[in-house]
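Visitor: File run33.txt below, compact mmCIF, C-alpha atoms:
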```txt
# COMPACT_ATOMS: atom_id res chain seq x y z
CA MET A 1 -35.41 -21.40 -15.84
CA THR A 2 -34.84 -22.84 -12.37
CA ALA A 3 -37.43 -25.04 -10.69
CA ILE A 4 -38.08 -22.30 -8.14
CA SER A 5 -38.75 -19.51 -10.66
CA SER A 6 -40.95 -21.86 -12.76
CA ALA A 7 -43.05 -22.73 -9.68
CA GLU A 8 -43.28 -19.04 -8.72
CA ARG A 9 -44.58 -18.18 -12.19
CA SER A 10 -47.21 -20.94 -11.96
CA LEU A 11 -48.24 -19.58 -8.55
CA ARG A 12 -48.80 -16.09 -9.95
CA ARG A 13 -50.83 -17.42 -12.89
CA SER A 14 -52.96 -19.65 -10.64
CA GLY A 15 -53.89 -16.62 -8.50
CA LEU A 16 -55.51 -15.05 -11.55
CA TRP A 17 -57.37 -18.28 -12.36
CA MET A 18 -58.62 -18.52 -8.78
CA ALA A 19 -59.98 -14.97 -8.98
CA ILE A 20 -61.74 -15.68 -12.31
CA ALA A 21 -63.19 -18.94 -10.94
CA LEU A 22 -64.51 -17.19 -7.81
CA VAL A 23 -66.28 -14.52 -9.90
CA LEU A 24 -67.86 -17.29 -12.01
CA MET A 25 -68.86 -19.14 -8.82
CA ALA A 26 -70.66 -15.99 -7.67
CA GLY A 27 -72.42 -15.99 -11.07
CA VAL A 28 -73.55 -19.60 -10.54
CA TYR A 29 -74.92 -18.67 -7.11
CA VAL A 30 -76.91 -15.77 -8.58
CA ARG A 31 -78.21 -17.90 -11.46
CA ALA A 32 -79.22 -20.80 -9.17
CA LEU A 33 -80.78 -18.68 -6.42
CA ALA A 34 -82.49 -15.95 -8.43
CA PHE A 35 -82.96 -17.12 -12.03
CA THR A 36 -83.79 -20.82 -11.77
CA PRO A 37 -87.40 -21.94 -11.23
CA GLU A 38 -88.51 -23.46 -7.96
CA GLU A 39 -89.19 -27.20 -8.08
CA ALA A 40 -92.86 -28.05 -7.49
CA THR A 41 -92.64 -30.74 -4.75
CA GLN A 42 -89.35 -30.01 -2.91
CA GLY A 43 -89.53 -26.21 -3.07
CA LEU A 44 -86.41 -24.09 -2.64
CA ALA A 45 -84.52 -26.89 -0.84
CA GLN A 46 -84.17 -28.62 -4.25
CA LYS A 47 -81.74 -25.86 -5.26
CA ILE A 48 -79.18 -27.36 -2.86
CA PHE A 49 -78.71 -29.86 -5.70
CA TYR A 50 -76.87 -27.18 -7.77
CA VAL A 51 -74.01 -27.02 -5.27
CA HIS A 52 -74.19 -30.58 -3.90
CA ALA A 53 -74.05 -32.55 -7.18
CA PRO A 54 -71.22 -30.52 -8.83
CA SER A 55 -69.20 -30.73 -5.58
CA ALA A 56 -69.62 -34.52 -5.66
CA TRP A 57 -68.60 -34.66 -9.33
CA VAL A 58 -65.44 -32.63 -8.63
CA ALA A 59 -64.59 -34.75 -5.57
CA PHE A 60 -64.83 -37.91 -7.68
CA LEU A 61 -62.79 -36.28 -10.46
CA ALA A 62 -60.12 -35.28 -7.91
CA PHE A 63 -59.88 -38.77 -6.42
CA GLY A 64 -59.86 -40.30 -9.93
CA ILE A 65 -56.84 -38.09 -10.64
CA VAL A 66 -55.24 -39.23 -7.37
CA GLY A 67 -55.75 -42.87 -8.39
CA VAL A 68 -54.29 -42.45 -11.89
CA THR A 69 -51.31 -40.28 -10.89
CA SER A 70 -50.56 -42.53 -7.90
CA ALA A 71 -50.52 -45.61 -10.14
CA LEU A 72 -48.27 -43.78 -12.61
CA TYR A 73 -45.98 -42.79 -9.74
CA LEU A 74 -45.51 -46.43 -8.73
CA PHE A 75 -44.35 -47.22 -12.30
CA LEU A 76 -42.38 -44.08 -13.18
CA ARG A 77 -41.22 -42.89 -9.72
CA ASP A 78 -41.42 -39.27 -10.86
CA PRO A 79 -41.80 -37.10 -7.70
CA ARG A 80 -43.95 -34.58 -9.61
CA LEU A 81 -46.66 -37.25 -9.94
CA ASP A 82 -46.63 -37.71 -6.17
CA LEU A 83 -46.95 -33.95 -5.60
CA PHE A 84 -49.78 -33.74 -8.14
CA ALA A 85 -51.65 -36.65 -6.49
CA ALA A 86 -51.24 -35.07 -3.05
CA SER A 87 -52.53 -31.72 -4.34
CA ALA A 88 -55.59 -33.37 -5.95
CA ALA A 89 -56.27 -35.34 -2.74
CA GLU A 90 -56.28 -32.20 -0.59
CA VAL A 91 -58.57 -30.26 -2.93
CA GLY A 92 -60.82 -33.33 -3.37
CA THR A 93 -61.16 -33.63 0.42
CA VAL A 94 -62.39 -30.02 0.58
CA PHE A 95 -65.05 -30.72 -2.08
CA THR A 96 -66.09 -33.93 -0.27
CA THR A 97 -66.49 -31.89 2.93
CA ALA A 98 -68.90 -29.61 1.06
CA VAL A 99 -70.80 -32.68 -0.21
CA LEU A 100 -71.08 -34.09 3.32
CA VAL A 101 -72.30 -30.76 4.71
CA THR A 102 -74.81 -29.75 2.01
CA GLY A 103 -76.31 -33.27 1.63
CA PRO A 104 -77.58 -33.57 5.22
CA ILE A 105 -79.11 -30.06 5.08
CA TRP A 106 -81.17 -31.21 2.09
CA GLY A 107 -81.86 -34.57 3.79
CA LYS A 108 -83.20 -32.96 6.95
CA GLU A 109 -85.83 -31.08 4.97
CA ILE A 110 -86.75 -33.74 2.40
CA TRP A 111 -86.19 -37.01 4.32
CA GLY A 112 -86.76 -35.59 7.80
CA ALA A 113 -83.31 -36.82 8.94
CA TRP A 114 -79.84 -35.28 8.79
CA TRP A 115 -78.20 -38.61 8.08
CA THR A 116 -79.05 -42.18 7.18
CA TRP A 117 -76.62 -45.10 6.88
CA ASP A 118 -77.55 -45.49 3.25
CA ALA A 119 -74.92 -47.07 0.94
CA ARG A 120 -74.06 -43.92 -0.99
CA LEU A 121 -73.83 -41.67 2.07
CA THR A 122 -71.82 -44.21 4.06
CA LEU A 123 -69.37 -44.89 1.22
CA THR A 124 -68.87 -41.15 0.68
CA LEU A 125 -68.15 -40.70 4.39
CA PHE A 126 -65.60 -43.55 4.22
CA LEU A 127 -64.05 -41.96 1.12
CA TRP A 128 -63.60 -38.76 3.14
CA PHE A 129 -62.00 -40.75 6.01
CA ILE A 130 -59.60 -42.45 3.58
CA TYR A 131 -58.36 -39.15 2.15
CA LEU A 132 -58.12 -37.56 5.59
CA ALA A 133 -55.92 -40.54 6.50
CA TYR A 134 -53.98 -39.95 3.26
CA LEU A 135 -53.29 -36.33 4.24
CA VAL A 136 -52.31 -37.30 7.80
CA LEU A 137 -50.04 -40.04 6.45
CA ARG A 138 -48.19 -37.49 4.33
CA THR A 139 -47.41 -35.36 7.35
CA ALA A 140 -46.32 -38.41 9.39
CA VAL A 141 -43.73 -39.94 7.01
CA GLU A 142 -40.66 -37.74 6.55
CA GLU A 143 -38.59 -39.67 4.00
CA PRO A 144 -39.93 -38.45 0.60
CA GLY A 145 -39.60 -41.75 -1.33
CA ARG A 146 -41.33 -43.79 1.36
CA ARG A 147 -44.02 -41.11 1.85
CA ALA A 148 -44.75 -41.12 -1.88
CA ARG A 149 -44.98 -44.95 -2.06
CA TYR A 150 -47.27 -45.31 0.97
CA SER A 151 -49.45 -42.40 -0.19
CA ALA A 152 -49.72 -43.82 -3.71
CA VAL A 153 -51.03 -47.17 -2.40
CA LEU A 154 -53.59 -45.49 -0.13
CA GLY A 155 -54.53 -43.03 -2.91
CA ILE A 156 -55.26 -45.90 -5.32
CA LEU A 157 -57.30 -47.83 -2.71
CA GLY A 158 -59.39 -44.72 -1.99
CA ALA A 159 -60.01 -44.06 -5.68
CA LEU A 160 -61.38 -47.61 -6.05
CA LEU A 161 -64.38 -46.51 -3.96
CA VAL A 162 -65.41 -43.84 -6.49
CA PRO A 163 -67.04 -46.12 -9.11
CA PHE A 164 -68.83 -48.02 -6.31
CA ILE A 165 -70.26 -44.77 -4.97
CA HIS A 166 -71.46 -43.79 -8.46
CA VAL A 167 -73.31 -47.07 -9.06
CA SER A 168 -74.34 -47.58 -5.40
CA VAL A 169 -77.83 -46.23 -6.08
CA TYR A 170 -78.32 -49.07 -8.59
CA LEU A 171 -76.52 -51.82 -6.63
CA PHE A 172 -78.16 -51.30 -3.24
CA ARG A 173 -81.54 -50.26 -1.87
CA THR A 174 -80.74 -46.66 -1.03
CA LEU A 175 -82.61 -43.51 -0.11
CA HIS A 176 -80.31 -41.31 -2.17
CA PRO A 177 -82.00 -40.02 -5.36
CA MET A 178 -81.06 -41.62 -8.68
CA PRO A 179 -79.00 -39.64 -11.19
CA VAL A 180 -81.09 -37.22 -13.24
CA VAL A 181 -78.42 -36.29 -15.80
CA LEU A 182 -75.53 -38.80 -15.74
CA ARG A 183 -77.85 -41.71 -16.51
CA PRO A 184 -78.73 -43.86 -19.51
CA GLY A 185 -81.27 -42.01 -21.68
CA ARG A 186 -82.34 -38.38 -21.68
CA PRO A 187 -81.76 -36.04 -18.70
CA LEU A 188 -84.81 -35.74 -16.46
CA LEU A 189 -84.47 -32.00 -15.81
CA PRO A 190 -86.33 -29.26 -17.67
CA GLY A 191 -84.19 -26.93 -19.83
CA SER A 192 -83.76 -23.98 -17.44
CA MET A 193 -82.69 -26.24 -14.55
CA LEU A 194 -80.41 -28.18 -16.89
CA ILE A 195 -78.63 -24.95 -17.96
CA THR A 196 -78.09 -24.00 -14.29
CA LEU A 197 -76.77 -27.47 -13.49
CA ALA A 198 -74.50 -27.56 -16.58
CA SER A 199 -73.04 -24.13 -15.80
CA SER A 200 -72.58 -25.16 -12.18
CA PHE A 201 -70.72 -28.34 -13.19
CA THR A 202 -68.51 -26.33 -15.58
CA VAL A 203 -67.67 -23.57 -13.09
CA PHE A 204 -67.06 -25.97 -10.18
CA THR A 205 -64.69 -27.91 -12.45
CA LEU A 206 -62.87 -24.69 -13.38
CA PHE A 207 -62.66 -23.72 -9.70
CA PHE A 208 -61.18 -27.15 -8.95
CA VAL A 209 -58.60 -26.76 -11.75
CA ALA A 210 -57.59 -23.33 -10.39
CA LEU A 211 -57.24 -24.65 -6.81
CA LEU A 212 -55.34 -27.71 -8.02
CA ALA A 213 -52.98 -25.57 -10.11
CA ARG A 214 -52.33 -23.35 -7.09
CA ARG A 215 -51.82 -26.26 -4.69
CA TYR A 216 -49.51 -28.07 -7.13
CA ALA A 217 -47.45 -24.93 -7.86
CA TRP A 218 -47.03 -24.40 -4.12
CA ALA A 219 -46.02 -28.04 -3.58
CA ARG A 220 -43.42 -27.71 -6.37
CA LEU A 221 -42.08 -24.51 -4.85
CA VAL A 222 -41.73 -26.06 -1.38
CA ASP A 223 -40.07 -29.12 -2.92
CA ALA A 224 -37.66 -27.04 -5.05
CA ARG A 225 -36.67 -24.90 -2.04
CA ALA A 226 -36.06 -28.01 0.10
CA GLN A 227 -33.89 -29.52 -2.64
CA GLY A 228 -31.96 -26.26 -3.01
CA GLU A 229 -31.29 -26.19 0.74
CA ALA A 230 -30.19 -29.83 0.72
CA GLU A 231 -27.79 -29.15 -2.18
CA ARG A 232 -26.33 -26.11 -0.40
CA ALA A 233 -25.87 -28.16 2.79
CA ASP A 234 -24.08 -30.88 0.78
CA ALA A 235 -21.84 -28.32 -0.94
CA SER A 236 -20.80 -26.72 2.35
CA LYS A 237 -19.67 -30.08 3.84
CA MET B 1 -97.83 -25.09 -3.49
CA PRO B 2 -94.14 -25.94 -2.96
CA PRO B 3 -93.07 -26.06 0.71
CA ASN B 4 -91.63 -22.90 2.22
CA ASN B 5 -88.08 -24.11 2.97
CA GLY B 6 -85.80 -21.32 1.76
CA GLY B 7 -83.89 -21.46 5.09
CA PHE B 8 -82.44 -24.87 4.24
CA MET B 9 -81.40 -23.63 0.81
CA VAL B 10 -79.68 -20.56 2.27
CA ALA B 11 -77.96 -22.66 4.98
CA ALA B 12 -76.53 -25.05 2.39
CA TYR B 13 -75.34 -22.29 0.03
CA VAL B 14 -73.73 -20.36 2.90
CA ALA B 15 -72.07 -23.52 4.27
CA ALA B 16 -70.62 -24.39 0.83
CA ALA B 17 -69.41 -20.80 0.33
CA VAL B 18 -67.73 -20.79 3.76
CA ILE B 19 -65.95 -24.10 3.04
CA TYR B 20 -64.73 -23.07 -0.42
CA LEU B 21 -63.78 -19.48 0.44
CA SER B 22 -61.96 -20.54 3.61
CA TYR B 23 -59.89 -23.09 1.72
CA ALA B 24 -59.20 -20.73 -1.22
CA ALA B 25 -58.14 -17.94 1.18
CA TRP B 26 -55.99 -20.29 3.27
CA LEU B 27 -54.32 -21.70 0.13
CA TYR B 28 -53.80 -18.25 -1.40
CA TRP B 29 -52.23 -16.62 1.66
CA ARG B 30 -50.23 -19.67 2.72
CA SER B 31 -48.70 -20.10 -0.73
CA ARG B 32 -47.96 -16.47 -1.49
CA SER B 33 -44.37 -16.33 -2.69
CA ARG B 34 -42.11 -14.66 -0.16
```
Now, as a test, write the supplied structure out as structure tokens.
Guide:
Amino acid sequence: MTAISSAERSLRRSGLWMAIALVLMAGVYVRALAFTPEEATQGLAQKIFYVHAPSAWVAFLAFGIVGVTSALYLFLRDPRLDLFAASAAEVGTVFTTAVLVTGPIWGKEIWGAWWTWDARLTLTLFLWFIYLAYLVLRTAVEEPGRRARYSAVLGILGALLVPFIHVSVYLFRTLHPMPVVLRPGRPLLPGSMLITLASSFTVFTLFFVALLARRYAWARLVDARAQGEAERADASK
Amino acid sequence: MPPNNGGFMVAAYVAAAVIYLSYAAWLYWRSRSR
């Protein structure tokens, strides 16, 4: 099977996964909005948590993948690792955008302010800037080897922020709430809210995998077509 | 009595849906095999 037909097959399969993930996302929305109890002190605004926290988890997962695949690229120099890292970075940036939009809406109601220069918020904003710069860098460098090397270094540096953001609520005096599930000891949520949150985390992760598969298949297809054109140009010389 | 703040909840859910659906639609149409 040629590289082009293999990428085209992956594209078709990923379309199906995207459709399944979107249906499940709709299910999470219905469950969170209509079948999850209202929190006593924050009211309905607390339900923003069911889209905000899973988006943040997926963003961190995506940038973790960027860090690992970028490091592997620097050792192995396999161009597929570079394409995979770039795909994860783009999808991760979309999830971070959702985090940075939904968080302030919750903050305005609960804190009375859209934004505060709290450690976790600020670091997440900088993470978003780093991966925007990563995506711009990829469009600015044309030579594939150099683009992959520069991107890998920036991708690793950005991923180093992720563990800091996770522990920032313990390291610094911040306004951001402490973890209620990913914490030492038992989760602090009652059962029905925990089920909503767990299904939301699962479905957001599946949605991420489907988007990543699609983005990576597309990147492979573009790459395979460019290589095919370069080979034809060489052959005609 | 919990506060009556359903508007914030709806705004956040709509904003997230717009971001995710826009990206998924852009990615799907842009990458459709020609």
Visitor: Write out as a PyMOL selection string the residues lying within 12 Å of A:Arg9, counting only C-alpha atoms and excluding same-chain residues fewer than 6 positions away.
Guide: (chain A and resi 1-3+15-16+213-214+217-218+220-221) or (chain B and resi 32-33)
Visitor: One number please: atom CA of A:Phe63 to atom CA of A:Phe95, in Å, one decimal.
Guide: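 Between atom CA of A:Phe63 and atom CA of A:Phe95 the gap is 10.5 Å.
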Visitor: Report, in Å with one decimal, the straight-line distance from atom CA of A:Leu132 to atom CA of A:Val162.
Guide: 15.4 Å
Visitor: Calculate how many Å separate atom CA of A:Ser10 from atom CA of A:Ala219, rounding to one decimal.
Guide: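 If I compute the distance from atom CA of A:Ser10 to atom CA of A:Ala219, I get 11.0 Å.
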Visitor: Using only C-alpha atoms, tabulate the residues of chain A lying at most 9 Å from any atom of chain B, each with its closest atom pair and that distance in Å to one decimal, by chain and increasing residue number, as a tab-separated table.
Guide:
```
residue	atom	partner	partner_atom	distance
A:Glu8	CA	B:Ser33	CA	6.7
A:Leu11	CA	B:Arg32	CA	7.7
A:Arg12	CA	B:Ser33	CA	8.5
A:Gly15	CA	B:Tyr28	CA	7.3
A:Met18	CA	B:Ala24	CA	7.9
A:Leu22	CA	B:Leu21	CA	8.6
A:Tyr29	CA	B:Tyr13	CA	8.0
A:Leu33	CA	B:Met9	CA	8.8
A:Glu38	CA	B:Pro2	CA	7.9
A:Glu39	CA	B:Pro2	CA	7.2
A:Ala40	CA	B:Pro2	CA	5.2
A:Thr41	CA	B:Pro2	CA	5.3
A:Gln42	CA	B:Pro2	CA	6.3
A:Gly43	CA	B:Pro2	CA	4.6
A:Leu44	CA	B:Gly6	CA	5.2
A:Ala45	CA	B:Met9	CA	4.8
A:Gln46	CA	B:Met9	CA	7.6
A:Lys47	CA	B:Met9	CA	6.5
A:Ile48	CA	B:Met9	CA	5.7
A:Val51	CA	B:Tyr13	CA	7.2
A:His52	CA	B:Ala16	CA	8.6
A:Val91	CA	B:Tyr23	CA	8.6
A:Val94	CA	B:Ile19	CA	7.3
A:Phe95	CA	B:Tyr20	CA	7.8
A:Thr97	CA	B:Ile19	CA	7.8
A:Ala98	CA	B:Ala16	CA	5.5
A:Val99	CA	B:Ala16	CA	8.4
A:Val101	CA	B:Ala15	CA	7.3
A:Thr102	CA	B:Ala12	CA	5.0
A:Gly103	CA	B:Ala12	CA	8.3
A:Ile105	CA	B:Phe8	CA	6.2
A:Trp106	CA	B:Phe8	CA	6.8
A:Lys108	CA	B:Phe8	CA	8.6
A:Glu109	CA	B:Phe8	CA	7.1
A:Leu211	CA	B:Ala24	CA	7.1
A:Arg214	CA	B:Leu27	CA	7.7
A:Arg215	CA	B:Leu27	CA	7.1
A:Ala217	CA	B:Ser31	CA	8.7
A:Trp218	CA	B:Ser31	CA	5.7
A:Ala219	CA	B:Ser31	CA	8.9
A:Leu221	CA	B:Ser33	CA	8.8
```
Visitor: Output as AutoDock Vina command-line options the centre and edge lengths (Å, one decimal) of the box along x, y and z of the file that holds every listed atom of stretch 15-20 of chain B after adding 3 Å on each side.
Guide:
```
--center_x -68.4 --center_y -22.6 --center_z 1.9 --size_x 13.3 --size_y 9.6 --size_z 10.7
```
Visitor: What lies within 9 Å of A:Val153 using all atoms listed in the file, ignoring chain neighbours under 5 positions off, as a PyMOL selection string?
Guide: chain A and resi 67+70-71+74+148+158
Visitor: Mind filling out stretch 192-228 of chain A with N, CA and C atoms and sending it as a CSV table (one decimal), keeping the file's coordinate frame?
Guide:
```
chain,number,residue,atom,x,y,z
A,192,SER,N,-84.4,-25.1,-18.2
A,192,SER,CA,-83.8,-24.0,-17.4
A,192,SER,C,-82.9,-24.5,-16.3
A,193,MET,N,-83.4,-25.6,-15.7
A,193,MET,CA,-82.7,-26.2,-14.6
A,193,MET,C,-81.4,-26.9,-15.1
A,194,LEU,N,-81.6,-27.5,-16.3
A,194,LEU,CA,-80.4,-28.2,-16.9
A,194,LEU,C,-79.3,-27.2,-17.2
A,195,ILE,N,-79.7,-26.0,-17.7
A,195,ILE,CA,-78.6,-25.0,-18.0
A,195,ILE,C,-77.9,-24.6,-16.7
A,196,THR,N,-78.7,-24.4,-15.6
A,196,THR,CA,-78.1,-24.0,-14.3
A,196,THR,C,-77.1,-25.1,-13.8
A,197,LEU,N,-77.6,-26.3,-13.9
A,197,LEU,CA,-76.8,-27.5,-13.5
A,197,LEU,C,-75.5,-27.6,-14.3
A,198,ALA,N,-75.7,-27.4,-15.7
A,198,ALA,CA,-74.5,-27.6,-16.6
A,198,ALA,C,-73.5,-26.5,-16.3
A,199,SER,N,-74.0,-25.2,-16.1
A,199,SER,CA,-73.0,-24.1,-15.8
A,199,SER,C,-72.4,-24.3,-14.4
A,200,SER,N,-73.1,-24.9,-13.5
A,200,SER,CA,-72.6,-25.2,-12.2
A,200,SER,C,-71.5,-26.2,-12.3
A,201,PHE,N,-71.7,-27.3,-13.0
A,201,PHE,CA,-70.7,-28.3,-13.2
A,201,PHE,C,-69.5,-27.7,-13.8
A,202,THR,N,-69.7,-26.9,-14.9
A,202,THR,CA,-68.5,-26.3,-15.6
A,202,THR,C,-67.7,-25.4,-14.7
A,203,VAL,N,-68.4,-24.6,-13.9
A,203,VAL,CA,-67.7,-23.6,-13.1
A,203,VAL,C,-67.0,-24.3,-11.9
A,204,PHE,N,-67.7,-25.2,-11.3
A,204,PHE,CA,-67.1,-26.0,-10.2
A,204,PHE,C,-65.8,-26.7,-10.7
A,205,THR,N,-65.9,-27.2,-11.9
A,205,THR,CA,-64.7,-27.9,-12.4
A,205,THR,C,-63.5,-26.9,-12.7
A,206,LEU,N,-63.9,-25.7,-13.2
A,206,LEU,CA,-62.9,-24.7,-13.4
A,206,LEU,C,-62.3,-24.2,-12.0
A,207,PHE,N,-63.1,-24.1,-11.0
A,207,PHE,CA,-62.7,-23.7,-9.7
A,207,PHE,C,-61.7,-24.8,-9.2
A,208,PHE,N,-62.1,-26.0,-9.4
A,208,PHE,CA,-61.2,-27.2,-9.0
A,208,PHE,C,-59.8,-27.1,-9.7
A,209,VAL,N,-59.9,-26.8,-11.0
A,209,VAL,CA,-58.6,-26.8,-11.8
A,209,VAL,C,-57.7,-25.6,-11.2
A,210,ALA,N,-58.3,-24.5,-10.9
A,210,ALA,CA,-57.6,-23.3,-10.4
A,210,ALA,C,-57.0,-23.7,-9.0
A,211,LEU,N,-57.8,-24.3,-8.1
A,211,LEU,CA,-57.2,-24.6,-6.8
A,211,LEU,C,-56.1,-25.7,-6.9
A,212,LEU,N,-56.3,-26.7,-7.8
A,212,LEU,CA,-55.3,-27.7,-8.0
A,212,LEU,C,-54.0,-27.1,-8.6
A,213,ALA,N,-54.2,-26.2,-9.5
A,213,ALA,CA,-53.0,-25.6,-10.1
A,213,ALA,C,-52.2,-24.8,-9.0
A,214,ARG,N,-53.0,-24.1,-8.2
A,214,ARG,CA,-52.3,-23.4,-7.1
A,214,ARG,C,-51.6,-24.3,-6.1
A,215,ARG,N,-52.4,-25.3,-5.7
A,215,ARG,CA,-51.8,-26.3,-4.7
A,215,ARG,C,-50.6,-27.0,-5.2
A,216,TYR,N,-50.6,-27.3,-6.5
A,216,TYR,CA,-49.5,-28.1,-7.1
A,216,TYR,C,-48.3,-27.1,-7.3
A,217,ALA,N,-48.6,-25.9,-7.7
A,217,ALA,CA,-47.4,-24.9,-7.9
A,217,ALA,C,-46.8,-24.7,-6.5
A,218,TRP,N,-47.6,-24.6,-5.5
A,218,TRP,CA,-47.0,-24.4,-4.1
A,218,TRP,C,-46.2,-25.6,-3.7
A,219,ALA,N,-46.7,-26.8,-4.0
A,219,ALA,CA,-46.0,-28.0,-3.6
A,219,ALA,C,-44.7,-28.1,-4.3
A,220,ARG,N,-44.7,-27.7,-5.6
A,220,ARG,CA,-43.4,-27.7,-6.4
A,220,ARG,C,-42.4,-26.7,-5.8
A,221,LEU,N,-43.0,-25.6,-5.4
A,221,LEU,CA,-42.1,-24.5,-4.8
A,221,LEU,C,-41.4,-25.0,-3.5
A,222,VAL,N,-42.2,-25.6,-2.7
A,222,VAL,CA,-41.7,-26.1,-1.4
A,222,VAL,C,-40.7,-27.1,-1.6
A,223,ASP,N,-41.0,-28.0,-2.6
A,223,ASP,CA,-40.1,-29.1,-2.9
A,223,ASP,C,-38.8,-28.6,-3.5
A,224,ALA,N,-38.9,-27.6,-4.4
A,224,ALA,CA,-37.7,-27.0,-5.0
A,224,ALA,C,-36.8,-26.3,-4.0
A,225,ARG,N,-37.4,-25.6,-3.1
A,225,ARG,CA,-36.7,-24.9,-2.0
A,225,ARG,C,-36.0,-25.9,-1.1
A,226,ALA,N,-36.7,-27.0,-0.8
A,226,ALA,CA,-36.1,-28.0,0.1
A,226,ALA,C,-34.9,-28.7,-0.6
A,227,GLN,N,-35.0,-28.9,-1.9
A,227,GLN,CA,-33.9,-29.5,-2.6
A,227,GLN,C,-32.7,-28.6,-2.7
A,228,GLY,N,-33.0,-27.3,-2.9
A,228,GLY,CA,-32.0,-26.3,-3.0
A,228,GLY,C,-31.2,-26.2,-1.7
```
